[in-house]
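A quick write-up on the structure given underneath.
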Amino acid sequence: MAAARSIGLALTPLWRPISDERLVGLGYATPYLSRFEGDCERSLAFMPAGQGAERWPQGARLKTALVGIEDLPLGDATIDRILMVHALEFAESPEALIAEAWRVLAPGGSLVIVVPHRRGVWARFEHTPFGSGRPWSRGQLTRLLRSATFTPSAWGEALLFPPFRRRSLVSIAPALERIGRTSWPIFAGVVIIEAIKQLHRGIPVATAARERRVSKPVLVPAGAGAGARACVAAPEDCRHPRSGSGDPTNL
């Protein structure tokens with residue numbers, strides 16, 4: 001709980017509002033989805049099949065699903081924001097995971113990643129929530145994201161207090177967190193990065209093995225434009241210019 005509180009506070013400055021947002025959490029992001037889903041049109045929690053899933057939210061309509069995290073059951077450019085927690089450090093192919101996130105994000109959509117910090121103490125102890133998987137440095141994350149044509153736009157740190165085993169010591173964690181933000185941020189337990197999807201990257205043609213069958217109408221986020229949303233609702237009214245009578249106004 002102390003770790004989730006620290007990460008939630010670090011995410012708040014990065015969480016710019018998105019109108020009619022469609023938000024997906026990858027990995028184990030439910031503690032933070034509950035915090036930030038208030039302004040969303042819809043939110044979903046996708047958990048890796050090997051990791052297992054929990055019921056979320058409690059006492060309401062289920063929003064979780066087990067998925068192949070490198071082959072998401074979503075159409076291209078259908079999501080406004082992805083929150084990735086406890087996902088990248090366990091990915092067999094980080095490059096494939098980031099490429100899949102790029103595919104499902106709408107133009108201008110954002111990807112927020114929370115990963116264990118290579119220089120942090122939390123990654124060195126197995127009893128911590130971030131004691132497993134591959135830790136990352138800022139430089140490694142930057143190179144990975146830029147290779148997929150993401151643009152890093154903001155950074156954050158969290159878990160600047162030691163991973164106490166004694167419950168009685170957890171009470172001083174908030175004070176140490178505040179001091180650590182100014183005194184030893186380089187040793188934070190997790191690093192947080194927000195990256196924006198660039199618009200000029202082409203989506204490669206899928207092979208037969210990777211071809212996806214997506215039920216229609218597919219989700220069209222606000223970032224994709226109101227016109228696209230209207231075409232999904234009434235496709236007969238959205239004609240291609242070449243399929244009309246030749247009148248350039250017949251769109």
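If you're wondering about the labels, chains in the structure tokens are A, B, ... by order shown, residues count from 1 in each chain, ligands from 1 in order shown.
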
* **DSSP-assigned strand (DSSP E) members of stretch 158-207 of chain A, reported as a VMD selection string** => chain A and resid 158 190 to 197

Within 8 Å of stretch 16-30 of chain A, counting only C-alpha atoms, which residues show up once you throw out same-chain ones fewer than 5 positions away? Write them as a tab-separated table (two decimals) with C-alpha atoms, in the first residue's frame, please.
```tsv
chain	number	residue	atom	x	y	z
A	37	GLU	CA	-10.31	6.50	-14.33
A	39	ASP	CA	-12.63	11.22	-16.27
A	40	CYS	CA	-12.37	8.28	-18.70
A	41	GLU	CA	-14.99	7.29	-21.21
A	42	ARG	CA	-13.89	3.73	-20.47
A	43	SER	CA	-10.96	1.94	-18.85
A	44	LEU	CA	-9.69	-1.62	-19.22
A	45	ALA	CA	-7.14	-3.71	-17.33
A	46	PHE	CA	-5.19	-6.18	-19.48
A	47	MET	CA	-3.05	-8.68	-17.57
A	48	PRO	CA	-0.53	-11.13	-19.05
A	56	TRP	CA	-11.44	-5.35	-10.93
A	69	ILE	CA	0.57	-8.85	-23.85
A	78	THR	CA	-8.09	2.70	-30.67
A	79	ILE	CA	-6.68	3.82	-27.29
A	80	ASP	CA	-5.80	7.27	-25.98
A	81	ARG	CA	-3.46	6.28	-23.15
A	82	ILE	CA	-1.68	3.14	-21.91
A	83	LEU	CA	-0.43	2.75	-18.34
A	84	MET	CA	2.19	-0.01	-18.20
A	85	VAL	CA	3.08	-1.31	-14.71
A	86	HIS	CA	4.72	-4.68	-13.91
A	87	ALA	CA	4.79	-5.44	-17.64
A	221	PRO	CA	-10.75	7.21	-29.28
A	222	ALA	CA	-11.24	10.93	-29.11
```

* Close residues, A:Ala195 itself excluded, 6 Å, only C-alpha atoms, min 2 positions apart in chain, as a PyMOL selection string -> chain A and resi 110-111+150-153

Just write the chosen residues, C-alpha atoms, as a tab-separated table (two decimals), in the first residue's frame.
```
chain	number	residue	atom	x	y	z
A	110	SER	CA	0.56	8.69	-24.58
A	111	LEU	CA	2.31	5.70	-23.06
A	150	PHE	CA	7.90	7.38	-29.36
A	151	THR	CA	8.98	10.77	-28.05
A	152	PRO	CA	9.75	10.86	-24.29
A	153	SER	CA	8.00	13.89	-22.85
```

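Closest approach to A:Glu89 among A:Ile172, A:Leu141, A:Leu74, A:Leu14: A:Leu141, based on only C-alpha atoms.
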
* Considering only C-alpha atoms, state which residue in the set A:Ala175, A:Val170, A:Ile113, A:Val190 is at the smallest distance from A:Pro135. => A:Val190

* Among the residues A:Gly38, A:Pro13, A:Pro94, A:Gly109, the one that comes closest to A:Leu145 [using only C-alpha atoms] ->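 Smallest distance to A:Leu145 is found for A:Pro94.
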